[in-house]
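A.B. asks: For reference, this is structure05.cif, and it has mmCIF, C-alpha atoms and all ligand atoms.
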data_protein
loop_
_atom_site.label_atom_id
_atom_site.label_comp_id
_atom_site.auth_asym_id
_atom_site.auth_seq_id
_atom_site.Cartn_x
_atom_site.Cartn_y
_atom_site.Cartn_z
CA MET C 26 115.82 -0.82 20.41
CA SER C 27 114.37 2.43 19.09
CA ILE C 28 115.62 5.80 20.31
CA VAL C 29 112.32 6.39 22.09
CA LYS C 30 112.38 3.00 23.83
CA GLN C 31 115.92 3.56 25.00
CA PHE C 32 114.95 6.99 26.21
CA GLU C 33 112.04 5.62 28.19
CA TYR C 34 114.31 3.08 29.83
CA ALA C 35 116.79 5.85 30.69
CA GLN C 36 114.00 7.99 32.09
CA GLU C 37 113.03 5.20 34.42
CA ARG C 38 116.59 4.61 35.57
CA TYR C 39 117.13 8.31 36.31
CA SER C 40 113.82 8.58 38.11
CA HIS C 41 115.14 6.16 40.75
CA LEU C 42 117.66 8.87 41.58
CA LYS C 43 114.97 11.55 41.64
CA VAL C 44 116.12 13.03 38.32
CA ASP C 45 113.42 14.41 36.03
CA VAL C 46 114.79 13.80 32.54
CA LYS C 47 112.10 15.71 30.66
CA LYS C 48 112.71 18.75 32.82
CA ALA C 49 116.45 18.46 32.18
CA LEU C 50 115.84 18.48 28.42
CA GLU C 51 113.56 21.46 28.66
CA THR C 52 116.23 23.37 30.56
CA LEU C 53 118.91 22.32 28.09
CA SER C 54 116.88 23.48 25.10
CA LYS C 55 116.86 27.01 26.51
CA ILE C 56 120.62 27.29 27.00
CA LYS C 57 122.37 29.33 24.35
CA ILE C 58 126.02 28.80 23.54
CA SER C 59 127.87 31.61 21.81
CA LEU C 60 129.84 30.12 18.91
CA HIS C 61 132.97 32.12 18.22
CA CYS C 62 133.44 33.18 14.61
CA TRP C 63 137.22 32.90 14.91
CA GLN C 64 137.40 29.09 14.83
CA GLY C 65 136.21 29.39 11.22
CA ASP C 66 139.32 31.15 9.89
CA ASP C 67 142.06 30.88 12.51
CA VAL C 68 141.37 34.35 13.98
CA GLY C 69 142.12 35.99 10.62
CA GLY C 70 139.17 38.30 10.06
CA PHE C 71 138.44 40.35 6.95
CA GLU C 72 140.18 43.59 7.67
CA SER C 73 143.39 42.61 5.91
CA ALA C 74 144.91 39.56 4.28
CA GLU C 75 147.58 39.20 6.93
CA GLY C 76 145.64 37.07 9.38
CA LEU C 77 146.48 36.80 13.05
CA THR C 78 149.53 38.85 14.03
CA GLY C 79 150.48 39.43 17.62
CA GLY C 80 148.41 39.48 20.74
CA GLY C 81 150.25 36.54 22.22
CA ILE C 82 147.79 34.04 20.79
CA LEU C 83 148.48 31.50 18.09
CA ALA C 84 146.51 29.25 15.74
CA THR C 85 148.65 26.41 14.46
CA GLY C 86 147.97 24.13 11.49
CA ASN C 87 147.09 24.54 7.85
CA TYR C 88 144.12 22.30 7.26
CA PRO C 89 142.72 23.29 3.87
CA GLY C 90 139.41 25.00 3.22
CA LYS C 91 139.30 27.83 5.70
CA ALA C 92 136.73 30.57 5.11
CA ARG C 93 138.21 33.51 3.19
CA THR C 94 135.19 35.78 3.04
CA PRO C 95 132.27 36.66 5.31
CA GLN C 96 129.97 34.73 2.95
CA GLU C 97 132.09 31.60 3.30
CA LEU C 98 132.29 31.97 7.05
CA ARG C 99 128.53 32.33 7.34
CA GLN C 100 127.96 29.32 5.12
CA ASP C 101 130.39 27.28 7.26
CA ALA C 102 128.70 28.38 10.46
CA GLU C 103 125.29 27.46 9.06
CA THR C 104 126.61 24.00 8.29
CA ALA C 105 127.92 23.65 11.83
CA PHE C 106 124.61 24.81 13.32
CA LYS C 107 122.84 22.01 11.43
CA MET C 108 124.74 19.48 13.57
CA ILE C 109 124.18 21.25 16.87
CA PRO C 110 120.94 20.76 18.81
CA GLY C 111 119.18 23.94 19.97
CA LYS C 112 119.22 27.62 18.98
CA HIS C 113 122.37 29.52 19.80
CA ARG C 114 124.39 32.71 19.34
CA PHE C 115 127.30 33.85 17.20
CA ASN C 116 130.25 35.78 18.54
CA LEU C 117 131.98 38.27 16.25
CA HIS C 118 135.31 40.02 16.57
CA ALA C 119 135.67 43.56 15.24
CA ILE C 120 138.03 42.40 12.46
CA TYR C 121 135.17 40.43 10.90
CA LEU C 122 133.71 43.65 9.52
CA GLU C 123 132.68 44.12 5.89
CA ASN C 124 134.33 47.32 4.72
CA GLY C 125 133.42 47.05 1.02
CA GLY C 126 137.08 47.07 0.03
CA LYS C 127 137.72 50.45 1.62
CA LYS C 128 140.11 50.76 4.54
CA VAL C 129 138.19 51.44 7.72
CA ASP C 130 140.44 51.67 10.75
CA ARG C 131 139.40 50.28 14.11
CA ASN C 132 138.51 53.68 15.51
CA GLU C 133 136.05 54.21 12.67
CA ILE C 134 134.04 51.01 12.62
CA ALA C 135 130.28 51.35 12.89
CA PRO C 136 127.10 49.25 12.75
CA GLU C 137 126.94 49.63 8.96
CA HIS C 138 130.05 47.44 8.62
CA PHE C 139 128.16 44.60 10.24
CA ARG C 140 124.88 44.97 8.38
CA ASN C 141 125.16 41.62 6.61
CA TRP C 142 125.94 39.90 9.88
CA VAL C 143 122.82 41.33 11.47
CA ASP C 144 120.66 40.33 8.50
CA TRP C 145 122.10 36.86 8.61
CA ALA C 146 121.64 36.53 12.36
CA LYS C 147 118.03 37.60 12.01
CA GLU C 148 117.40 35.09 9.28
CA GLN C 149 119.11 32.33 11.25
CA GLU C 150 117.43 33.37 14.52
CA LEU C 151 120.74 33.87 16.26
CA GLY C 152 121.74 36.40 18.88
CA LEU C 153 125.06 38.16 18.28
CA ASP C 154 127.91 38.91 20.67
CA PHE C 155 130.93 41.10 20.01
CA ASN C 156 134.61 41.69 20.75
CA PRO C 157 136.89 44.63 20.13
CA THR C 158 140.09 43.45 18.45
CA TYR C 159 143.17 44.65 20.32
CA PHE C 160 145.65 42.65 18.24
CA SER C 161 146.71 42.14 14.61
CA HIS C 162 147.23 45.88 14.14
CA PRO C 163 150.31 48.14 13.79
CA LEU C 164 149.31 50.08 16.91
CA ALA C 165 149.28 46.86 18.93
CA GLU C 166 152.71 45.71 17.81
CA SER C 167 154.48 46.88 20.97
CA GLY C 168 152.31 44.52 22.97
CA PHE C 169 150.47 47.42 24.62
CA THR C 170 147.13 48.98 23.67
CA LEU C 171 144.89 50.49 26.36
CA SER C 172 147.84 50.68 28.76
CA HIS C 173 150.32 52.04 26.21
CA LYS C 174 152.59 54.83 27.46
CA ASP C 175 151.72 56.95 24.44
CA LYS C 176 148.53 58.86 25.01
CA LYS C 177 147.71 58.98 21.30
CA ILE C 178 147.87 55.21 20.98
CA ARG C 179 145.74 54.77 24.08
CA ARG C 180 143.26 57.21 22.63
CA PHE C 181 143.01 55.22 19.40
CA TRP C 182 142.22 52.05 21.32
CA VAL C 183 139.77 53.81 23.60
CA GLN C 184 137.92 54.99 20.50
CA HIS C 185 137.91 51.42 19.22
CA GLY C 186 136.30 50.24 22.43
CA ILE C 187 133.65 52.95 22.21
CA CYS C 188 132.85 52.03 18.58
CA CYS C 189 132.50 48.37 19.59
CA ARG C 190 130.02 49.11 22.36
CA LYS C 191 127.91 51.11 19.90
CA ILE C 192 127.97 48.28 17.37
CA ALA C 193 126.94 45.80 20.05
CA GLU C 194 124.14 48.07 21.21
CA HIS C 195 122.90 48.11 17.62
CA PHE C 196 123.03 44.28 17.52
CA GLY C 197 121.07 44.14 20.74
CA LYS C 198 118.38 46.47 19.47
CA LYS C 199 118.03 44.79 16.11
CA LEU C 200 118.04 41.24 17.41
CA LYS C 201 116.18 41.94 20.65
CA THR C 202 118.70 40.22 22.83
CA PRO C 203 121.62 41.93 24.59
CA ALA C 204 124.99 41.54 22.90
CA VAL C 205 127.85 40.76 25.26
CA VAL C 206 130.98 42.74 24.40
CA ASN C 207 134.07 41.07 25.75
CA PHE C 208 137.14 43.20 26.37
CA TRP C 209 140.35 41.29 26.16
CA MET C 210 143.60 43.16 25.72
CA PRO C 211 146.95 41.40 25.29
CA ASP C 212 148.87 44.13 27.14
CA GLY C 213 151.78 42.80 29.10
CA PHE C 214 155.53 42.55 29.66
CA LYS C 215 157.79 39.79 28.40
CA ASP C 216 160.24 40.24 31.26
CA TYR C 217 159.85 41.43 34.83
CA PRO C 218 158.75 45.05 34.82
CA VAL C 219 159.63 47.45 37.57
CA ASP C 220 156.49 49.50 37.28
CA ARG C 221 153.44 47.29 37.00
CA LEU C 222 151.25 49.80 38.72
CA ALA C 223 151.59 52.60 36.17
CA ALA C 224 150.53 50.32 33.31
CA ARG C 225 147.59 49.04 35.33
CA GLN C 226 146.58 52.56 36.22
CA ARG C 227 146.62 53.52 32.54
CA MET C 228 144.57 50.46 31.64
CA LYS C 229 142.02 51.34 34.30
CA ASN C 230 141.74 54.93 33.09
CA SER C 231 141.30 53.83 29.47
CA LEU C 232 138.56 51.39 30.44
CA ASP C 233 136.80 54.10 32.41
CA GLU C 234 136.79 56.27 29.28
CA ILE C 235 135.39 53.45 27.19
CA PHE C 236 132.62 52.74 29.68
CA ALA C 237 131.83 56.38 30.43
CA GLU C 238 128.65 56.25 28.39
CA GLU C 239 125.84 54.26 29.94
CA ILE C 240 124.28 51.79 27.54
CA SER C 241 121.14 49.92 28.46
CA PRO C 242 121.79 46.33 29.56
CA LYS C 243 118.72 45.46 27.55
CA HIS C 244 120.90 45.88 24.47
CA GLU C 245 124.51 45.59 25.52
CA LEU C 246 126.57 44.05 28.33
CA ASP C 247 130.29 44.63 28.95
CA ALA C 248 132.62 41.86 30.03
CA VAL C 249 136.32 41.99 30.89
CA GLU C 250 138.63 38.99 30.43
CA SER C 251 141.66 38.34 32.58
CA LYS C 252 144.72 36.33 31.69
CA LEU C 253 147.76 34.96 33.47
CA PHE C 254 150.25 35.12 30.62
CA GLY C 255 150.54 35.13 26.85
CA ILE C 256 153.28 34.52 24.33
CA GLY C 257 155.51 37.54 24.82
CA SER C 258 153.79 38.62 28.01
CA GLU C 259 155.07 35.86 30.25
CA ALA C 260 156.19 38.05 33.13
CA CYS C 261 153.19 40.26 33.61
CA VAL C 262 149.80 40.66 32.00
CA ILE C 263 148.27 44.02 32.82
CA GLY C 264 144.73 42.65 32.81
CA SER C 265 145.40 39.94 35.37
CA HIS C 266 142.73 38.09 37.34
CA GLU C 267 142.88 40.44 40.30
CA PHE C 268 142.84 43.46 38.03
CA PHE C 269 139.68 42.45 36.23
CA MET C 270 137.97 40.86 39.20
CA GLY C 271 138.36 44.17 40.99
CA TYR C 272 137.34 46.18 37.97
CA ALA C 273 134.25 44.09 37.26
CA LEU C 274 133.10 44.31 40.87
CA GLU C 275 133.67 48.01 41.22
CA LYS C 276 132.17 48.98 37.86
CA LYS C 277 129.45 46.33 37.76
CA LYS C 278 130.78 44.65 34.65
CA LEU C 279 130.76 40.97 33.80
CA LEU C 280 133.93 39.06 34.55
CA CYS C 281 135.00 36.73 31.75
CA LEU C 282 136.66 33.54 32.90
CA ASP C 283 138.60 31.75 30.16
CA SER C 284 139.50 28.17 31.04
CA GLY C 285 142.97 28.64 29.56
CA HIS C 286 143.85 31.80 31.45
CA PHE C 287 144.92 30.46 34.82
CA HIS C 288 147.69 28.29 36.19
CA PRO C 289 147.84 24.94 34.37
CA THR C 290 146.10 22.94 37.10
CA GLU C 291 143.70 25.67 38.13
CA GLY C 292 140.18 25.10 36.87
CA ILE C 293 137.58 27.85 36.50
CA ALA C 294 134.64 25.79 37.80
CA ASP C 295 135.51 26.30 41.46
CA LYS C 296 135.35 30.07 40.97
CA PHE C 297 131.67 30.33 39.97
CA SER C 298 130.14 29.92 43.41
CA SER C 299 132.47 32.56 44.84
CA ILE C 300 131.87 35.16 42.19
CA SER C 301 128.14 34.45 42.23
CA LEU C 302 128.06 35.96 45.71
CA TYR C 303 129.34 39.29 44.43
CA MET C 304 128.45 39.53 40.77
CA LYS C 305 125.13 39.39 38.99
CA GLU C 306 126.25 37.89 35.70
CA PHE C 307 129.46 36.56 34.24
CA LEU C 308 130.85 35.28 30.98
CA LEU C 309 132.76 32.10 30.19
CA HIS C 310 135.28 31.44 27.48
CA VAL C 311 135.26 27.70 27.40
CA SER C 312 138.53 26.50 25.98
CA ARG C 313 140.96 23.59 26.41
CA PRO C 314 144.47 24.48 27.45
CA MET C 315 147.06 21.77 26.98
CA ARG C 316 150.14 22.60 29.07
CA TRP C 317 149.59 26.25 28.16
CA ASP C 318 146.74 28.42 26.85
CA SER C 319 146.74 26.41 23.65
CA ASP C 320 143.06 26.83 22.74
CA HIS C 321 142.46 23.21 21.72
CA VAL C 322 138.93 22.24 20.70
CA VAL C 323 136.82 21.63 23.77
CA ILE C 324 136.10 17.97 24.54
CA TRP C 325 133.89 16.29 27.11
CA ASN C 326 136.56 15.90 29.77
CA ASP C 327 136.62 16.40 33.53
CA ASP C 328 137.21 20.15 33.27
CA LEU C 329 134.17 20.59 31.08
CA ARG C 330 132.09 18.37 33.32
CA ALA C 331 133.09 20.42 36.33
CA ILE C 332 132.18 23.68 34.59
CA ALA C 333 128.69 22.45 33.74
CA GLU C 334 128.17 20.82 37.13
CA GLU C 335 129.03 23.98 39.05
CA LEU C 336 126.70 26.05 36.86
CA VAL C 337 123.80 23.67 37.34
CA ARG C 338 124.32 22.88 41.01
CA ASN C 339 124.50 26.53 41.95
CA ASN C 340 121.56 27.49 39.79
CA LEU C 341 123.68 29.83 37.68
CA LEU C 342 122.36 29.06 34.20
CA GLY C 343 120.34 32.28 34.18
CA ARG C 344 123.36 34.36 35.18
CA VAL C 345 126.08 32.95 32.96
CA HIS C 346 126.83 33.64 29.31
CA ILE C 347 128.57 30.65 27.80
CA GLY C 348 131.01 31.49 25.04
CA LEU C 349 133.46 29.15 23.36
CA ASP C 350 137.04 30.13 22.65
CA PHE C 351 139.28 27.72 20.77
CA PHE C 352 140.99 27.70 17.42
CA ASP C 353 142.53 24.60 15.94
CA ALA C 354 143.71 24.87 12.35
CA THR C 355 144.81 21.22 12.05
CA ILE C 356 141.31 19.81 11.62
CA ASN C 357 138.22 20.65 9.61
CA ARG C 358 137.06 23.95 11.09
CA VAL C 359 133.34 23.24 10.77
CA ALA C 360 133.87 19.94 12.57
CA ALA C 361 135.83 21.79 15.26
CA TRP C 362 132.80 23.97 15.99
CA VAL C 363 130.50 20.96 16.03
CA ILE C 364 132.74 18.86 18.27
CA GLY C 365 133.29 21.67 20.75
CA THR C 366 129.68 22.80 20.95
CA ARG C 367 128.27 19.29 21.17
CA ALA C 368 130.77 18.58 23.95
CA MET C 369 129.66 21.70 25.82
CA LEU C 370 126.02 20.68 25.48
CA LYS C 371 126.74 17.09 26.52
CA SER C 372 128.44 18.32 29.65
CA LEU C 373 125.45 20.54 30.44
CA LEU C 374 123.02 17.70 29.87
CA ALA C 375 125.07 15.39 32.05
CA ALA C 376 125.07 18.00 34.80
CA LEU C 377 121.31 18.43 34.47
CA LEU C 378 120.95 14.66 34.89
CA GLU C 379 123.06 14.59 38.02
CA PRO C 380 121.27 13.27 41.12
CA THR C 381 122.26 16.45 42.92
CA GLU C 382 119.50 16.21 45.47
CA VAL C 383 120.60 12.76 46.61
CA LEU C 384 124.29 13.74 46.54
CA ARG C 385 123.49 16.77 48.67
CA ILE C 386 121.68 14.66 51.26
CA LEU C 387 124.66 12.33 51.50
CA GLU C 388 127.00 15.29 51.89
CA THR C 389 124.78 16.89 54.53
CA HIS C 390 125.05 13.68 56.54
CA ASP C 391 128.83 13.67 56.15
CA ASP C 392 128.54 10.49 54.11
CA TYR C 393 131.43 11.30 51.78
CA THR C 394 131.83 7.61 51.01
CA GLY C 395 128.29 7.39 49.72
CA ARG C 396 128.70 10.65 47.82
CA LEU C 397 131.77 9.38 45.99
CA ALA C 398 130.22 5.96 45.32
CA LEU C 399 127.05 7.42 43.85
CA TYR C 400 128.93 10.00 41.77
CA GLU C 401 130.98 7.22 40.22
CA GLU C 402 128.06 4.86 39.56
CA TRP C 403 126.02 7.68 38.08
CA LYS C 404 128.65 8.18 35.39
CA THR C 405 127.60 4.96 33.64
CA MET C 406 123.89 5.73 33.71
CA PRO C 407 122.28 5.65 30.22
CA PHE C 408 123.24 9.22 29.39
CA GLY C 409 123.72 8.38 25.70
CA ALA C 410 120.07 7.41 25.30
CA VAL C 411 118.96 10.83 26.58
CA TRP C 412 121.47 12.70 24.42
CA GLU C 413 120.41 10.76 21.31
CA TYR C 414 116.75 11.42 22.01
CA TYR C 415 117.50 15.12 22.49
CA CYS C 416 119.39 15.39 19.19
CA GLU C 417 116.67 13.48 17.37
CA THR C 418 113.89 15.69 18.72
CA GLN C 419 115.94 18.80 17.84
CA GLY C 420 116.30 17.56 14.27
CA VAL C 421 120.07 17.06 14.23
CA PRO C 422 122.11 13.87 13.79
CA PHE C 423 122.14 11.93 17.05
CA ASP C 424 125.42 10.16 16.48
CA PHE C 425 128.73 10.17 14.64
CA SER C 426 126.88 10.27 11.31
CA TRP C 427 127.15 14.09 11.37
CA ILE C 428 130.77 13.77 10.36
CA GLY C 429 129.56 12.30 7.04
CA GLU C 430 127.64 15.50 6.41
CA VAL C 431 130.66 17.64 7.23
CA LYS C 432 132.91 15.55 4.98
CA LYS C 433 130.41 15.93 2.16
CA TYR C 434 130.45 19.69 2.71
CA GLU C 435 134.22 19.64 2.80
CA ARG C 436 134.39 17.91 -0.59
CA SER C 437 131.72 19.96 -2.30
CA VAL C 438 132.41 23.40 -0.84
CA MET C 439 135.58 23.73 1.21
CA ASP C 440 137.97 21.79 -1.02
CA SER C 441 137.58 24.21 -3.91
CA ARG C 442 138.63 27.23 -1.88
C1 LIG D 1 143.11 35.36 24.31
C2 LIG D 1 141.70 35.43 24.79
C3 LIG D 1 140.71 36.01 23.81
C4 LIG D 1 140.90 35.54 22.39
C5 LIG D 1 139.82 35.97 21.45
C6 LIG D 1 140.17 35.74 20.02
O1 LIG D 1 143.93 34.66 25.14
O2 LIG D 1 141.28 34.18 25.21
O3 LIG D 1 139.43 35.76 24.27
O4 LIG D 1 141.02 34.16 22.32
O5 LIG D 1 139.50 37.28 21.69
ZN ZN D 2 139.22 33.97 25.74
#
Translate the structure described by the file into structure tokens.
Ligand code: RNT
Ligand code: ZN
C.D. replies:
Amino acid sequence: MSIVKQFEYAQERYSHLKVDVKKALETLSKIKISLHCWQGDDVGGFESAEGLTGGGILATGNYPGKARTPQELRQDAETAFKMIPGKHRFNLHAIYLENGGKKVDRNEIAPEHFRNWVDWAKEQELGLDFNPTYFSHPLAESGFTLSHKDKKIRRFWVQHGICCRKIAEHFGKKLKTPAVVNFWMPDGFKDYPVDRLAARQRMKNSLDEIFAEEISPKHELDAVESKLFGIGSEACVIGSHEFFMGYALEKKKLLCLDSGHFHPTEGIADKFSSISLYMKEFLLHVSRPMRWDSDHVVIWNDDLRAIAEELVRNNLLGRVHIGLDFFDATINRVAAWVIGTRAMLKSLLAALLEPTEVLRILETHDDYTGRLALYEEWKTMPFGAVWEYYCETQGVPFDFSWIGEVKKYERSVMDSR
């Protein structure tokens, strides 16, 4: 059966459950996922040759062919985008600057160091997002940055934050879409501290200094990312959930929820409806923790389904910024981007095809039996036919054949690196 025929059959099946498939596809085509640059080179960046040092995060594996230059990273990302339906965004970290071989410290970075990225984004019709880098730096070695006891070190990192907001504002102006700047700091204690409050107070003051200047939300949006623990900050992370939830609410910032930053069985999906009552917009770092914040490549599992379902059911697609955050160095890095982003989009499509209206009616009538029965039967509806049709109409491979393209790219480009 042709893709179109299968699609028409699926459309009919879904219509019995009051699901408008065409409308779902239209909605999906407008959702932008922010692809994180750091899957392309194991969070190395181009500031120095040392790669990822510190910060309590870890990329494991040594799969060959990782991008060594901004040109290579852009070429890899372009290849990944060819396998991903829709138009999306790219998320840069400050260490992905182009300094022309001259040392530019983090408190000196400026829009000019990202000129090629902006040109590329324009040409590729991508929005850009941004992140200050509070790790892989001598002044972050103690495990403290914005909450460091030493005023001079705090000052350095405050300046970094200010530079990053300016760079993002520039992105937003040039690309005519606001750049989300996500603030994540690894600050924390390995063992039980006595004075948690002082460090949190310092963190709060530093953030206030960074955000002192108003920047138009038309160009730039600030987000703050909480975390439960990191490697070396097991006992206490300064920027905990409560810390950043409070900060974001008080200062009208976006809260960033990373799926790997909570207790192992605690999902982020349940949180969206609550925060939606108090916060205009929020950011996601969609990741896959396995027993810890391991940043595995996102797959289409129950956690991902729940994330998409809660966004769709609560009508939050216009208020959420979906970013990906994983880094697996044991597999082809282009494929990692493709697998993760396609999984994210599949979960969104599935959620858009959910018979929510019918499920809601059942729930309203306390028919939890019917709700569960329908939810389970719905899972085997002809989702694949709709996904394939979507990929086909978006001009990207509709099935596993994309891996052939990536393997070809691996042989002809990545293998010689
Ligand atoms: C770390 C945070 C953070 C980083 C990126 C590289 O636990 O999730 O978002 O992964 O900034
Ligand atoms: Zn994250």
A.B. asks: Out of C:Val311, C:Leu374, C:Leu117, C:Val323, which residue has the shortest atom-to-atom distance to ligand ZN 2 (chain D) when counting only C-alpha atoms and all ligand atoms?
C.D. replies: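 Looking at the shortest contact to ligand ZN 2 (chain D), the residue is C:Val311.
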A.B. asks: Can you check which parts of chain C lie within 6 Å of ligand LIG 1 (chain D)? Per residue, the shortest pair of atoms and distance in Å to one decimal, counting all atoms listed in the file, sorted by chain and number, as a Markdown table.
C.D. replies:
| residue | atom | partner | partner_atom | distance |
| --- | --- | --- | --- | --- |
| C:Ile82 | CA | D:LIG1 | O1 | 5.8 |
| C:Trp209 | CA | D:LIG1 | C3 | 5.8 |
| C:Asp350 | CA | D:LIG1 | O4 | 5.7 |
A.B. asks: Save the residues we just selected, C-alpha atoms, as a tab-separated table (two decimals), in the frame of the given file?
C.D. replies:
chain	number	residue	atom	x	y	z
C	82	ILE	CA	147.79	34.04	20.79
C	209	TRP	CA	140.35	41.29	26.16
C	350	ASP	CA	137.04	30.13	22.65
A.B. asks: Have a look at C:Phe32, C:Phe214, C:Tyr434, C:Tyr39 and name the one nearest to Leu378 in chain C; count only C-alpha atoms.
C.D. replies: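 Answer, going by the shortest atom-to-atom distance: C:Tyr39.
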A.B. asks: Go through C:Arg330, C:His118, C:Lys174, C:Lys47 and flag the residue nearest ligand ZN 2 (chain D), using all atoms listed in the file for the distances.
C.D. replies: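 The closest residue to ligand ZN 2 (chain D) is C:His118.
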A.B. asks: So, counting all atoms listed in the file, which residue among C:Arg344, C:Lys112, C:His286, C:Arg93 is closest to ligand ZN 2 (chain D)?
C.D. replies: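 Ranked by minimum distance to ligand ZN 2 (chain D), first place goes to C:His286.
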A.B. asks: Choose the residue, out of C:Tyr400, C:Phe208, C:Tyr88, C:Phe307, that has the smallest atom-to-atom separation from ligand ZN 2 (chain D); count all atoms listed in the file.
C.D. replies: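 Counting all atoms listed in the file, the residue closest to ligand ZN 2 (chain D) is C:Phe208.
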A.B. asks: So how far away is CA of Tyr414 in chain C from CA of Lys30 in chain C, in Å?
C.D. replies: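 So the two atoms, CA of Lys30 in chain C and CA of Tyr414 in chain C, lie 9.7 Å apart.
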A.B. asks: Would you mind telling me which residue in C:Asp101, C:Asp283, C:Asp66, C:Glu435 lies nearest to ligand ZN 2 (chain D) when using all atoms listed in the file?
C.D. replies: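 Once distances to ligand ZN 2 (chain D) are computed over all atoms listed in the file, the minimum belongs to C:Asp283.
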A.B. asks: Find the residues near ligand ZN 2 (chain D). Use a cut-off of 9 Å, count only C-alpha atoms and all ligand atoms, and write them as a ChimeraX atom specification.
C.D. replies: /C:207,209,250-252,281-286,309-312,320,348-351
A.B. asks: Put those residues in a file: C-alpha atoms, as a CSV table (one decimal), in the frame of the given file.
C.D. replies:
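Result file out-v6.csv:
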chain,number,residue,atom,x,y,z
C,207,ASN,CA,134.1,41.1,25.8
C,209,TRP,CA,140.4,41.3,26.2
C,250,GLU,CA,138.6,39.0,30.4
C,251,SER,CA,141.7,38.3,32.6
C,252,LYS,CA,144.7,36.3,31.7
C,281,CYS,CA,135.0,36.7,31.8
C,282,LEU,CA,136.7,33.5,32.9
C,283,ASP,CA,138.6,31.8,30.2
C,284,SER,CA,139.5,28.2,31.0
C,285,GLY,CA,143.0,28.6,29.6
C,286,HIS,CA,143.8,31.8,31.4
C,309,LEU,CA,132.8,32.1,30.2
C,310,HIS,CA,135.3,31.4,27.5
C,311,VAL,CA,135.3,27.7,27.4
C,312,SER,CA,138.5,26.5,26.0
C,320,ASP,CA,143.1,26.8,22.7
C,348,GLY,CA,131.0,31.5,25.0
C,349,LEU,CA,133.5,29.2,23.4
C,350,ASP,CA,137.0,30.1,22.6
C,351,PHE,CA,139.3,27.7,20.8
